[in-house]
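**Q** One file: coords09.tsv (TSV, C-alpha atoms).
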chain	number	residue	atom	x	y	z
B	94	MET	CA	-3.78	-20.29	39.24
B	95	GLU	CA	-1.81	-21.74	36.33
B	96	LEU	CA	1.94	-21.70	36.80
B	97	LEU	CA	4.15	-20.14	34.16
B	98	SER	CA	6.11	-22.60	32.06
B	99	PRO	CA	9.28	-21.97	30.06
B	100	ARG	CA	9.36	-22.56	26.32
B	101	PRO	CA	9.66	-26.16	25.12
B	102	GLY	CA	13.30	-27.19	25.15
B	103	ILE	CA	14.32	-25.18	28.20
B	104	GLY	CA	13.46	-28.07	30.51
B	105	GLN	CA	15.77	-30.32	28.47
B	106	ILE	CA	18.82	-28.20	29.28
B	107	LYS	CA	21.10	-29.97	31.73
B	108	PRO	CA	22.45	-27.52	34.33
B	109	TYR	CA	26.21	-27.22	34.44
B	110	ARG	CA	27.66	-29.30	37.27
B	111	PRO	CA	31.17	-28.30	38.30
B	112	ALA	CA	33.28	-30.62	40.41
B	113	ARG	CA	33.10	-28.51	43.57
B	114	PRO	CA	34.84	-29.46	46.82
B	115	PRO	CA	33.10	-29.33	50.22
B	116	GLU	CA	33.01	-25.87	51.77
B	117	ASP	CA	35.62	-26.65	54.39
B	118	GLY	CA	38.17	-23.99	53.51
B	119	ALA	CA	40.83	-26.53	52.59
B	120	ALA	CA	43.19	-25.97	49.67
B	121	TRP	CA	42.29	-28.19	46.72
B	122	VAL	CA	44.18	-29.25	43.64
B	123	ASP	CA	41.57	-28.40	41.00
B	124	LEU	CA	42.28	-30.15	37.71
B	125	SER	CA	38.60	-30.25	36.73
B	126	LEU	CA	38.54	-26.97	34.79
B	127	THR	CA	40.76	-26.30	31.79
B	128	VAL	CA	42.41	-23.14	33.10
B	129	ASN	CA	45.99	-21.93	32.66
B	130	PRO	CA	48.03	-23.37	35.57
B	131	LEU	CA	50.46	-20.44	35.34
B	132	GLY	CA	47.67	-17.91	35.81
B	133	PRO	CA	47.42	-14.60	33.92
B	134	GLY	CA	50.49	-12.82	32.62
B	135	LYS	CA	52.04	-9.79	34.29
B	136	LYS	CA	50.90	-7.46	31.51
B	137	ALA	CA	47.26	-8.51	31.92
B	138	LEU	CA	47.45	-8.11	35.70
B	139	THR	CA	48.97	-4.63	35.36
B	140	ALA	CA	46.27	-3.54	32.93
B	141	TYR	CA	43.57	-4.98	35.19
B	142	ARG	CA	44.83	-3.04	38.21
B	143	HIS	CA	45.27	0.13	36.18
B	144	VAL	CA	41.55	0.39	35.41
B	145	ALA	CA	40.39	-0.45	38.94
B	146	ALA	CA	39.44	3.17	39.62
B	147	GLN	CA	37.32	3.23	36.45
B	148	ILE	CA	34.96	0.35	37.18
B	149	HIS	CA	32.14	2.74	38.08
B	150	ARG	CA	31.98	3.58	34.36
B	151	TYR	CA	30.36	1.55	31.61
B	152	PRO	CA	32.78	-0.22	29.27
B	153	ASP	CA	33.30	0.76	25.64
B	154	TRP	CA	30.29	-0.71	23.87
B	155	SER	CA	32.21	-0.85	20.57
B	156	GLN	CA	35.09	-2.81	22.16
B	157	ASP	CA	37.29	-0.75	19.87
B	158	ARG	CA	40.69	-1.05	21.57
B	159	LEU	CA	40.31	-4.77	22.21
B	160	ARG	CA	39.11	-5.56	18.70
B	161	HIS	CA	42.03	-3.66	17.16
B	162	ALA	CA	44.49	-5.36	19.51
B	163	ILE	CA	43.20	-8.76	18.36
B	164	ALA	CA	43.36	-7.63	14.75
B	165	ARG	CA	47.00	-6.53	15.13
B	166	ARG	CA	48.00	-9.76	16.82
B	167	TYR	CA	46.55	-12.00	14.09
B	168	ASP	CA	46.62	-9.63	11.11
B	169	LEU	CA	42.84	-9.50	10.79
B	170	ASP	CA	40.25	-6.86	9.87
B	171	ALA	CA	38.97	-5.37	13.14
B	172	GLY	CA	35.64	-4.68	11.46
B	173	HIS	CA	35.09	-8.43	11.21
B	174	ILE	CA	35.66	-9.04	14.94
B	175	THR	CA	33.27	-8.84	17.86
B	176	CYS	CA	33.70	-9.79	21.52
B	177	ALA	CA	31.52	-11.41	24.16
B	178	ASN	CA	31.35	-12.41	27.80
B	179	GLY	CA	33.36	-15.55	27.14
B	180	SER	CA	33.12	-17.83	24.11
B	181	ASP	CA	30.06	-19.41	25.76
B	182	GLU	CA	28.11	-16.18	25.32
B	183	MET	CA	29.34	-15.93	21.74
B	184	ILE	CA	27.95	-19.40	21.04
B	185	HIS	CA	24.60	-18.36	22.51
B	186	LEU	CA	24.56	-15.10	20.56
B	187	VAL	CA	25.21	-16.65	17.17
B	188	THR	CA	22.62	-19.37	17.86
B	189	GLN	CA	19.99	-16.80	18.82
B	190	ALA	CA	20.82	-14.75	15.74
B	191	PHE	CA	20.51	-17.58	13.21
B	192	ALA	CA	18.39	-20.42	14.63
B	193	GLY	CA	15.03	-20.79	16.34
B	194	PRO	CA	11.94	-23.01	16.55
B	195	GLY	CA	11.66	-25.27	13.51
B	196	ASP	CA	15.36	-24.99	12.70
B	197	GLU	CA	18.00	-27.66	13.18
B	198	VAL	CA	21.55	-27.21	14.45
B	199	LEU	CA	24.15	-29.85	13.71
B	200	CYS	CA	26.70	-31.00	16.33
B	201	HIS	CA	29.09	-33.94	16.74
B	202	GLU	CA	28.62	-36.75	19.26
B	203	HIS	CA	31.13	-35.87	21.97
B	204	GLY	CA	31.28	-32.17	21.15
B	205	TYR	CA	31.35	-29.36	23.66
B	206	ARG	CA	28.09	-29.41	25.65
B	207	GLY	CA	27.76	-25.63	25.56
B	208	PHE	CA	26.44	-26.11	22.03
B	209	MET	CA	23.45	-28.09	23.27
B	210	LYS	CA	22.52	-25.48	25.86
B	211	ALA	CA	22.59	-22.68	23.29
B	212	ILE	CA	20.51	-24.68	20.83
B	213	ARG	CA	17.84	-25.56	23.39
B	214	ALA	CA	17.74	-22.00	24.72
B	215	ALA	CA	17.09	-20.69	21.20
B	216	GLY	CA	14.25	-23.16	20.69
B	217	ALA	CA	16.02	-24.96	17.84
B	218	THR	CA	16.48	-28.73	17.49
B	219	PRO	CA	19.92	-30.32	17.98
B	220	VAL	CA	20.98	-33.00	15.52
B	221	ILE	CA	23.90	-35.17	16.59
B	222	ALA	CA	26.31	-36.86	14.18
B	223	ALA	CA	28.26	-39.89	15.38
B	224	GLU	CA	32.01	-39.64	15.84
B	225	ARG	CA	34.59	-42.30	14.97
B	226	ASP	CA	37.02	-43.25	17.76
B	227	LEU	CA	36.29	-39.94	19.53
B	228	VAL	CA	37.19	-37.96	16.39
B	229	VAL	CA	34.73	-35.91	14.35
B	230	ASP	CA	33.39	-37.86	11.37
B	231	VAL	CA	32.95	-35.21	8.70
B	232	GLU	CA	31.00	-37.45	6.32
B	233	ALA	CA	28.57	-38.39	9.10
B	234	MET	CA	27.95	-34.69	9.76
B	235	ILE	CA	27.38	-33.96	6.09
B	236	ASP	CA	24.93	-36.87	5.85
B	237	ARG	CA	22.81	-35.40	8.66
B	238	ALA	CA	22.53	-31.90	7.15
B	239	ASN	CA	19.41	-30.82	5.27
B	240	GLU	CA	17.34	-27.78	4.32
B	241	LYS	CA	16.49	-27.17	8.01
B	242	THR	CA	20.13	-27.03	9.12
B	243	LYS	CA	20.84	-23.39	9.98
B	244	LEU	CA	24.05	-23.88	11.98
B	245	CYS	CA	26.77	-26.49	12.28
B	246	PHE	CA	29.03	-26.43	15.35
B	247	LEU	CA	32.50	-27.91	15.16
B	248	ALA	CA	34.80	-27.85	18.20
B	249	ASN	CA	38.30	-28.16	16.78
B	250	PRO	CA	40.21	-29.17	18.88
B	251	ASN	CA	37.40	-30.69	20.89
B	252	ASN	CA	36.62	-30.64	24.58
B	253	PRO	CA	36.63	-33.17	26.30
B	254	THR	CA	38.27	-35.59	23.84
B	255	GLY	CA	41.34	-33.46	23.04
B	256	THR	CA	41.17	-34.58	19.40
B	257	TYR	CA	41.18	-32.48	16.25
B	258	ILE	CA	40.61	-32.81	12.52
B	259	PRO	CA	42.99	-31.35	9.90
B	260	SER	CA	42.14	-28.25	7.89
B	261	GLU	CA	41.43	-30.26	4.73
B	262	MET	CA	38.63	-32.06	6.56
B	263	VAL	CA	37.17	-28.78	7.81
B	264	LEU	CA	37.15	-27.56	4.21
B	265	ARG	CA	35.45	-30.80	3.18
B	266	LEU	CA	32.80	-30.21	5.84
B	267	ARG	CA	32.17	-26.67	4.64
B	268	ALA	CA	31.90	-27.84	1.02
B	269	GLY	CA	29.50	-30.63	1.96
B	270	LEU	CA	27.11	-28.52	4.04
B	271	PRO	CA	24.21	-26.62	2.46
B	272	SER	CA	25.14	-23.09	1.42
B	273	HIS	CA	22.55	-21.66	3.82
B	274	THR	CA	24.23	-23.33	6.81
B	275	LEU	CA	26.61	-21.26	8.94
B	276	LEU	CA	29.62	-23.31	10.02
B	277	VAL	CA	30.76	-22.20	13.50
B	278	LEU	CA	34.32	-23.20	14.36
B	279	ASP	CA	34.87	-23.30	18.11
B	280	SER	CA	38.64	-22.81	18.29
B	281	ALA	CA	38.88	-22.34	22.05
B	282	TYR	CA	41.94	-24.61	22.27
B	283	ALA	CA	43.57	-23.55	19.00
B	284	ASP	CA	46.50	-21.92	20.80
B	285	TYR	CA	47.65	-25.33	22.03
B	286	CYS	CA	47.50	-27.09	18.65
B	287	ARG	CA	50.58	-26.33	16.57
B	288	ARG	CA	50.32	-29.06	13.97
B	289	ASP	CA	51.21	-28.44	10.33
B	290	ASN	CA	47.85	-29.78	9.13
B	291	TYR	CA	45.76	-27.77	11.62
B	292	SER	CA	44.07	-24.41	11.04
B	293	ASN	CA	42.42	-22.32	13.75
B	294	GLY	CA	39.87	-21.29	11.12
B	295	THR	CA	41.13	-17.87	10.06
B	296	GLU	CA	41.89	-18.88	6.47
B	297	ILE	CA	38.63	-20.79	6.19
B	298	VAL	CA	36.65	-17.73	7.34
B	299	GLU	CA	38.42	-15.56	4.78
B	300	SER	CA	37.74	-17.99	1.94
B	301	SER	CA	34.02	-18.28	2.66
B	302	ASP	CA	30.98	-16.15	3.40
B	303	ASN	CA	29.35	-18.61	5.81
B	304	VAL	CA	32.00	-19.55	8.40
B	305	LEU	CA	32.49	-18.01	11.85
B	306	MET	CA	35.51	-18.65	14.11
B	307	VAL	CA	35.08	-18.36	17.89
B	308	ARG	CA	38.05	-17.93	20.26
B	309	THR	CA	38.60	-17.32	23.97
B	310	PHE	CA	40.95	-15.64	26.45
B	311	SER	CA	40.18	-18.26	29.12
B	312	LYS	CA	42.76	-20.90	28.20
B	313	LEU	CA	46.23	-19.86	27.05
B	314	HIS	CA	45.82	-16.26	28.24
B	315	GLY	CA	44.67	-17.24	31.73
B	316	LEU	CA	41.64	-14.92	31.94
B	317	ALA	CA	38.87	-17.46	32.61
B	318	GLY	CA	37.58	-15.44	35.57
B	319	LEU	CA	37.08	-12.31	33.46
B	320	ARG	CA	35.06	-14.02	30.70
B	321	VAL	CA	36.28	-12.71	27.35
B	322	GLY	CA	35.62	-14.39	24.04
B	323	TRP	CA	35.73	-13.16	20.47
B	324	ALA	CA	34.64	-14.10	17.00
B	325	TYR	CA	35.93	-13.46	13.49
B	326	GLY	CA	33.64	-13.81	10.52
B	327	PRO	CA	31.86	-12.26	7.55
B	328	ALA	CA	30.55	-8.73	8.04
B	329	GLY	CA	26.92	-9.81	7.89
B	330	VAL	CA	27.38	-12.48	10.54
B	331	ILE	CA	29.29	-10.12	12.85
B	332	GLU	CA	26.58	-7.50	12.40
B	333	ALA	CA	23.88	-10.02	13.36
B	334	VAL	CA	25.81	-11.02	16.50
B	335	ASN	CA	26.28	-7.35	17.43
B	336	GLN	CA	22.57	-6.77	17.02
B	337	THR	CA	21.92	-9.65	19.41
B	338	ARG	CA	24.48	-8.89	22.13
B	339	GLY	CA	24.05	-6.40	24.96
B	340	PRO	CA	25.95	-3.14	24.43
B	341	PHE	CA	28.13	-3.58	27.54
B	342	ASN	CA	28.60	-7.34	27.54
B	343	VAL	CA	32.39	-7.25	28.14
B	344	GLY	CA	33.41	-5.37	31.29
B	345	ILE	CA	35.93	-2.54	31.39
B	346	ALA	CA	38.50	-4.55	33.37
B	347	ALA	CA	38.04	-7.57	31.14
B	348	GLN	CA	38.62	-5.52	28.00
B	349	ALA	CA	41.76	-3.92	29.44
B	350	ALA	CA	43.27	-7.22	30.63
B	351	ALA	CA	42.47	-8.97	27.35
B	352	GLU	CA	43.99	-6.13	25.32
B	353	ALA	CA	47.23	-6.53	27.27
B	354	ALA	CA	47.14	-10.34	27.21
B	355	ILE	CA	46.80	-10.60	23.43
B	356	ALA	CA	50.14	-8.81	23.06
B	357	ASP	CA	51.96	-10.78	25.76
B	358	ILE	CA	53.82	-13.27	23.58
B	359	GLU	CA	56.25	-14.15	26.39
B	360	HIS	CA	53.43	-15.42	28.62
B	361	GLU	CA	51.91	-17.31	25.68
B	362	GLU	CA	55.17	-19.11	24.99
B	363	ALA	CA	55.77	-19.90	28.67
B	364	THR	CA	52.30	-21.43	28.92
B	365	PHE	CA	52.75	-23.43	25.73
B	366	ALA	CA	56.15	-24.70	26.87
B	367	HIS	CA	54.74	-25.77	30.24
B	368	ASN	CA	51.95	-27.70	28.55
B	369	SER	CA	54.32	-29.24	26.01
B	370	ALA	CA	56.45	-30.61	28.84
B	371	TRP	CA	53.77	-31.84	31.25
B	372	LEU	CA	51.07	-33.13	28.87
B	373	PRO	CA	53.24	-36.04	27.63
B	374	TRP	CA	54.62	-36.63	31.13
B	375	LEU	CA	51.14	-36.91	32.60
B	376	SER	CA	49.96	-39.12	29.75
B	377	HIS	CA	52.91	-41.48	30.18
B	378	GLU	CA	52.55	-41.74	33.94
B	379	LEU	CA	48.84	-42.57	33.70
B	380	GLU	CA	49.46	-45.17	31.01
B	381	GLN	CA	51.99	-46.80	33.36
B	382	LEU	CA	49.14	-47.16	35.85
B	383	GLY	CA	47.01	-48.99	33.29
B	384	VAL	CA	44.86	-46.00	32.33
B	385	ARG	CA	44.03	-45.55	28.67
B	386	VAL	CA	44.94	-42.00	27.68
B	387	TYR	CA	43.62	-40.64	24.39
B	388	PRO	CA	46.03	-38.48	22.36
B	389	SER	CA	45.38	-34.81	23.11
B	390	VAL	CA	46.47	-31.55	21.48
B	391	CYS	CA	44.92	-29.47	24.26
B	392	ASN	CA	45.80	-28.61	27.87
B	393	PHE	CA	43.99	-31.65	29.24
B	394	ILE	CA	43.74	-35.39	28.69
B	395	LEU	CA	40.81	-37.78	28.48
B	396	ALA	CA	41.54	-40.85	30.57
B	397	ARG	CA	39.52	-44.08	30.50
B	398	ILE	CA	39.44	-45.86	33.86
B	399	PRO	CA	40.30	-49.60	33.67
B	400	THR	CA	37.32	-51.95	33.70
B	401	ASP	CA	37.15	-53.61	37.11
B	402	PRO	CA	34.04	-54.82	39.00
B	403	SER	CA	35.42	-53.34	42.23
B	404	LEU	CA	36.51	-50.06	40.68
B	405	GLY	CA	34.71	-47.37	38.76
B	406	VAL	CA	34.82	-43.68	37.98
B	407	GLN	CA	32.97	-42.74	41.14
B	408	ALA	CA	35.36	-44.74	43.32
B	409	VAL	CA	38.28	-42.95	41.68
B	410	LEU	CA	36.62	-39.57	42.11
B	411	ASP	CA	35.93	-40.26	45.78
B	412	HIS	CA	39.50	-41.38	46.39
B	413	LEU	CA	40.93	-38.30	44.68
B	414	ALA	CA	38.58	-36.07	46.67
B	415	ARG	CA	39.89	-37.60	49.89
B	416	ARG	CA	43.35	-36.58	48.71
B	417	GLY	CA	42.10	-33.05	47.94
B	418	ILE	CA	42.14	-33.43	44.15
B	419	LEU	CA	39.35	-32.62	41.70
B	420	VAL	CA	39.02	-33.87	38.11
B	421	LYS	CA	36.12	-33.73	35.66
B	422	PRO	CA	33.74	-36.68	35.14
B	423	THR	CA	32.47	-36.89	31.56
B	424	GLN	CA	29.23	-38.85	31.79
B	425	ASP	CA	27.32	-35.87	30.34
B	426	TYR	CA	29.35	-36.36	27.16
B	427	GLY	CA	28.42	-40.02	26.86
B	428	LEU	CA	31.79	-41.05	28.29
B	429	ALA	CA	30.76	-42.51	31.62
B	430	ASP	CA	33.98	-44.46	32.20
B	431	CYS	CA	36.29	-41.50	31.53
B	432	LEU	CA	37.74	-38.52	33.35
B	433	ARG	CA	39.01	-35.26	31.90
B	434	ILE	CA	42.19	-34.16	33.65
B	435	THR	CA	43.71	-30.73	33.17
B	436	VAL	CA	47.48	-30.34	33.01
B	437	GLY	CA	48.38	-28.50	36.21
B	438	ARG	CA	51.55	-27.25	37.86
B	439	GLU	CA	54.33	-29.74	38.52
B	440	ASP	CA	53.30	-30.35	42.13
B	441	GLU	CA	49.66	-30.79	41.12
B	442	ASN	CA	50.49	-33.27	38.35
B	443	ARG	CA	52.69	-35.32	40.67
B	444	ALA	CA	50.06	-35.31	43.41
B	445	LEU	CA	47.45	-36.58	40.96
B	446	VAL	CA	49.65	-39.43	39.72
B	447	ALA	CA	50.53	-40.44	43.27
B	448	ALA	CA	46.86	-40.47	44.33
B	449	LEU	CA	45.79	-42.47	41.28
B	450	GLY	CA	48.62	-44.91	41.90
B	451	GLU	CA	47.23	-45.62	45.35
B	452	ILE	CA	43.84	-46.74	44.08
B	453	LEU	CA	44.73	-48.22	40.68
B	454	SER	CA	47.62	-50.34	41.88
Would you mind giving the structure from this file in structure tokens?

**A**
Amino acid sequence: MELLSPRPGIGQIKPYRPARPPEDGAAWVDLSLTVNPLGPGKKALTAYRHVAAQIHRYPDWSQDRLRHAIARRYDLDAGHITCANGSDEMIHLVTQAFAGPGDEVLCHEHGYRGFMKAIRAAGATPVIAAERDLVVDVEAMIDRANEKTKLCFLANPNNPTGTYIPSEMVLRLRAGLPSHTLLVLDSAYADYCRRDNYSNGTEIVESSDNVLMVRTFSKLHGLAGLRVGWAYGPAGVIEAVNQTRGPFNVGIAAQAAAEAAIADIEHEEATFAHNSAWLPWLSHELEQLGVRVYPSVCNFILARIPTDPSLGVQAVLDHLARRGILVKPTQDYGLADCLRITVGREDENRALVAALGEILS
């Protein structure tokens, strides 16, 4: 009897591999995932608890209250917004809606690996443009586009490098791509980047008919466990995504918590202030240990481990694990000698630096 086989491309998808500790019940300092170290805000928690008795009901398929809350917060048209089970699902939905076998999807070299999974799952072909010093090279991306390019993914700022490109370069990318190519701006970390020359993508969406911006509630808003993402784009693109998504893809508790979180400016500012204080502190302390730290505008840093025959990334990971600390290896991104380290609470950041000092010194 012949065994069933998945479509070509599915077997090329690399399963996600989190940095999980042994199941020994011990408390771990987990700096491997880019979550909010302060947790969710009080308003989101209150809203979450308030709907607890309603979870036997299906959620609002139209996501009406949440979409309008997002629209009010950012002065957008709610009709041009749709939500998903995290920004990861949104990336999958837009890929399924616009690309398939025989199509190409353009990405950048060290870009978010969720792009690759969505492309392979849709049966399309990924095309990778080289970066320059871990920063997106817009001209390299334009050079690799052609009549088969249906989508172009740009993570700005990017995970795991922490780098970004200014709005003028995003506009250059849009102008240089074929008109039939949908530019998808993954702005998951936009809330952390407050640079004068940076745009989260809103203005670019509104000045074009082939740009989609994708955002998340997992980072600044501290709702990673509820999985809520959203997108803002042209009516036709939003309609196509809505036709692809399941009608109840964002749970009732997730919608309620996200609606409250988007209006909680106090929690936003507290989170931003915490990151603004501890990101440079952590970068400086690691540099003092001889670690190369790449400039980051996100809530994490990319650290390159010093070259030493007796020391490598795995040795550092093992040492940190013995101290009860988890960080993210980045070999799947082509950065085998680097670690991505999330900015944690004060005690977590100090524990990490102390543990690294033991092995690097």

**Q** Between atom CA of Val384 of chain B and atom CA of Leu419 of chain B, what is the spacing in Å?

**A** 17.2 Å

**Q** Show me, as a tab-separated table, the residues of segment 270-326 of chain B having an atom within 6 Å of segment 166-184 of chain B, each with the closest atom pair and its distance in Å, using all atoms listed in the file.

**A**
residue	atom	partner	partner_atom	distance
B:Thr309	CA	B:Ser180	CA	5.5
B:Arg320	CA	B:Gly179	CA	4.2
B:Val321	CA	B:Gly179	CA	4.1
B:Gly322	CA	B:Gly179	CA	4.0
B:Trp323	CA	B:Cys176	CA	4.1
B:Ala324	CA	B:Thr175	CA	5.5
B:Tyr325	CA	B:Ile174	CA	4.7
B:Gly326	CA	B:His173	CA	5.6

**Q** Listing only residues of segment 249-367 of chain B within 12 Å of segment 187-209 of chain B, what is the closest atom pair and its distance in Å (to one decimal) for each, using all atoms listed in the file, sorted by chain and residue number ascending, as a Markdown table?

**A**
| residue | atom | partner | partner_atom | distance |
| --- | --- | --- | --- | --- |
| B:Asn249 | CA | B:Gly204 | CA | 9.2 |
| B:Pro250 | CA | B:Gly204 | CA | 9.7 |
| B:Asn251 | CA | B:Gly204 | CA | 6.3 |
| B:Asn252 | CA | B:Tyr205 | CA | 5.5 |
| B:Pro253 | CA | B:Tyr205 | CA | 7.0 |
| B:Thr254 | CA | B:His203 | CA | 7.4 |
| B:Gly255 | CA | B:Gly204 | CA | 10.3 |
| B:Thr256 | CA | B:Gly204 | CA | 10.3 |
| B:Tyr257 | CA | B:Gly204 | CA | 11.1 |
| B:Leu266 | CA | B:Leu199 | CA | 11.7 |
| B:Leu270 | CA | B:Leu199 | CA | 10.2 |
| B:Pro271 | CA | B:Leu199 | CA | 11.7 |
| B:His273 | CA | B:Phe191 | CA | 10.4 |
| B:Thr274 | CA | B:Val198 | CA | 9.0 |
| B:Leu275 | CA | B:Phe191 | CA | 8.3 |
| B:Leu276 | CA | B:Leu199 | CA | 9.3 |
| B:Val277 | CA | B:Val187 | CA | 8.7 |
| B:Leu278 | CA | B:Cys200 | CA | 11.1 |
| B:Asp279 | CA | B:Tyr205 | CA | 8.9 |
| B:Ser280 | CA | B:Tyr205 | CA | 11.2 |
| B:Ala281 | CA | B:Tyr205 | CA | 10.4 |
| B:Tyr282 | CA | B:Tyr205 | CA | 11.7 |
| B:Asn303 | CA | B:Phe191 | CA | 11.6 |
| B:Val304 | CA | B:Val187 | CA | 11.5 |
| B:Leu305 | CA | B:Val187 | CA | 9.1 |
| B:Met306 | CA | B:Val187 | CA | 10.9 |
| B:Val307 | CA | B:Val187 | CA | 10.0 |
| B:Trp323 | CA | B:Val187 | CA | 11.6 |
| B:Ala324 | CA | B:Val187 | CA | 9.8 |
| B:Tyr325 | CA | B:Val187 | CA | 11.8 |
| B:Gly326 | CA | B:Val187 | CA | 11.1 |
| B:Gly329 | CA | B:Ala190 | CA | 11.1 |
| B:Val330 | CA | B:Val187 | CA | 8.1 |
| B:Ile331 | CA | B:Val187 | CA | 8.8 |
| B:Glu332 | CA | B:Ala190 | CA | 9.8 |
| B:Ala333 | CA | B:Ala190 | CA | 6.1 |
| B:Val334 | CA | B:Val187 | CA | 5.7 |
| B:Asn335 | CA | B:Ala190 | CA | 9.4 |
| B:Gln336 | CA | B:Ala190 | CA | 8.3 |
| B:Thr337 | CA | B:Ala190 | CA | 6.4 |
| B:Arg338 | CA | B:Val187 | CA | 9.2 |

**Q** Give the answer as one residue: which of B:Val343, B:Ala145, B:Ile297, B:Ala233 has the shortest atom-to-atom distance to Pro327 of chain B, using all atoms listed in the file?

**A**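 Of all the options, B:Ile297 lies closest to Pro327 of chain B.
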
**Q** Using only C-alpha atoms, which residue out of B:Lys210, B:His161, B:Lys312, B:Arg267 lies closest to Gly294 of chain B?

**A** B:Arg267

**Q** Counting only C-alpha atoms, which of B:Cys391, B:Val220, B:Ala447, B:Val228 gets nearest to Arg288 of chain B?

**A** B:Cys391

**Q** Looking at all atoms listed in the file, which of B:Thr218, B:Ser376, B:Asn442, B:Ser301 is the one that sits closest to Leu395 of chain B?

**A**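 Looking only at the distances to Leu395 of chain B, the closest residue turns out to be B:Ser376.
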
**Q** What lies within 9 Å of segment 409-415 of chain B using all atoms listed in the file, ignoring chain neighbours under 2 positions off, as an mmCIF file with C-alpha atoms, in the frame of the given file?

**A**
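And here's around.cif as it stands now:
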data_model
loop_
_atom_site.group_PDB
_atom_site.id
_atom_site.type_symbol
_atom_site.label_atom_id
_atom_site.label_comp_id
_atom_site.auth_asym_id
_atom_site.auth_seq_id
_atom_site.Cartn_x
_atom_site.Cartn_y
_atom_site.Cartn_z
ATOM 1 C CA PRO B 114 34.840 -29.460 46.820
ATOM 2 C CA TRP B 121 42.290 -28.190 46.720
ATOM 3 C CA ILE B 398 39.440 -45.860 33.860
ATOM 4 C CA LEU B 404 36.510 -50.060 40.680
ATOM 5 C CA GLY B 405 34.710 -47.370 38.760
ATOM 6 C CA VAL B 406 34.820 -43.680 37.980
ATOM 7 C CA GLN B 407 32.970 -42.740 41.140
ATOM 8 C CA GLY B 417 42.100 -33.050 47.940
ATOM 9 C CA ILE B 418 42.140 -33.430 44.150
ATOM 10 C CA LEU B 419 39.350 -32.620 41.700
ATOM 11 C CA VAL B 420 39.020 -33.870 38.110
ATOM 12 C CA LYS B 421 36.120 -33.730 35.660
ATOM 13 C CA PRO B 422 33.740 -36.680 35.140
ATOM 14 C CA LEU B 432 37.740 -38.520 33.350
ATOM 15 C CA LEU B 445 47.450 -36.580 40.960
ATOM 16 C CA ALA B 448 46.860 -40.470 44.330
ATOM 17 C CA LEU B 449 45.790 -42.470 41.280
ATOM 18 C CA GLU B 451 47.230 -45.620 45.350
ATOM 19 C CA ILE B 452 43.840 -46.740 44.080
ATOM 20 C CA LEU B 453 44.730 -48.220 40.680
#

**Q** Would you mind reading off the distance between atom CA of Asp226 of chain B and atom CA of Arg397 of chain B, one decimal, in Å?

**A**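 Between atom CA of Asp226 of chain B and atom CA of Arg397 of chain B the gap is 13.0 Å.
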
**Q** Using all atoms listed in the file for the distances, tell me which of B:Thr242, B:Ala137, B:Arg150, B:Ala217 is nearest to Pro101 of chain B.

**A**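 Of all the options, B:Ala217 lies closest to Pro101 of chain B.
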
**Q** Would you please work out which residue, of B:Arg265, B:Arg160, B:Arg433, B:Arg213, is nearest to Val231 of chain B when using all atoms listed in the file?

**A**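 The answer is B:Arg265, which sits nearest to Val231 of chain B.
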
**Q** With a distance cut-off of 12 Å and only C-alpha atoms, select the neighbouring residues of Pro373 of chain B, excluding the residue or stretch itself and same-chain residues fewer than 3 positions from it, and output the selection as a list of chain:residue names.

**A**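 With the cut-off at 12 Å, the set is B:Ala366, B:His367, B:Asn368, B:Ser369, B:Ala370, B:Ser376, B:His377, B:Glu378, B:Leu379, B:Glu380, B:Val386, B:Tyr387, B:Pro388, B:Ser389, B:Val390, B:Cys391, B:Asn392, B:Phe393, B:Ile394, B:Val436, B:Asn442.
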
**Q** With only C-alpha atoms as the counted atoms, please give the residues lying no more than 9 Å from Ala351 of chain B, apart from itself and same-chain residues fewer than 4 positions off, as a VMD selection string.

**A** chain B and resid 137 140 to 141 159 162 310 314 316 319 321 346 to 347 355 to 356

**Q** Provide the atom CA of Leu382 of chain B to atom CA of Gly450 of chain B distance in Å, to one decimal place.

**A**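 Interatomic distance here is 6.5 Å.
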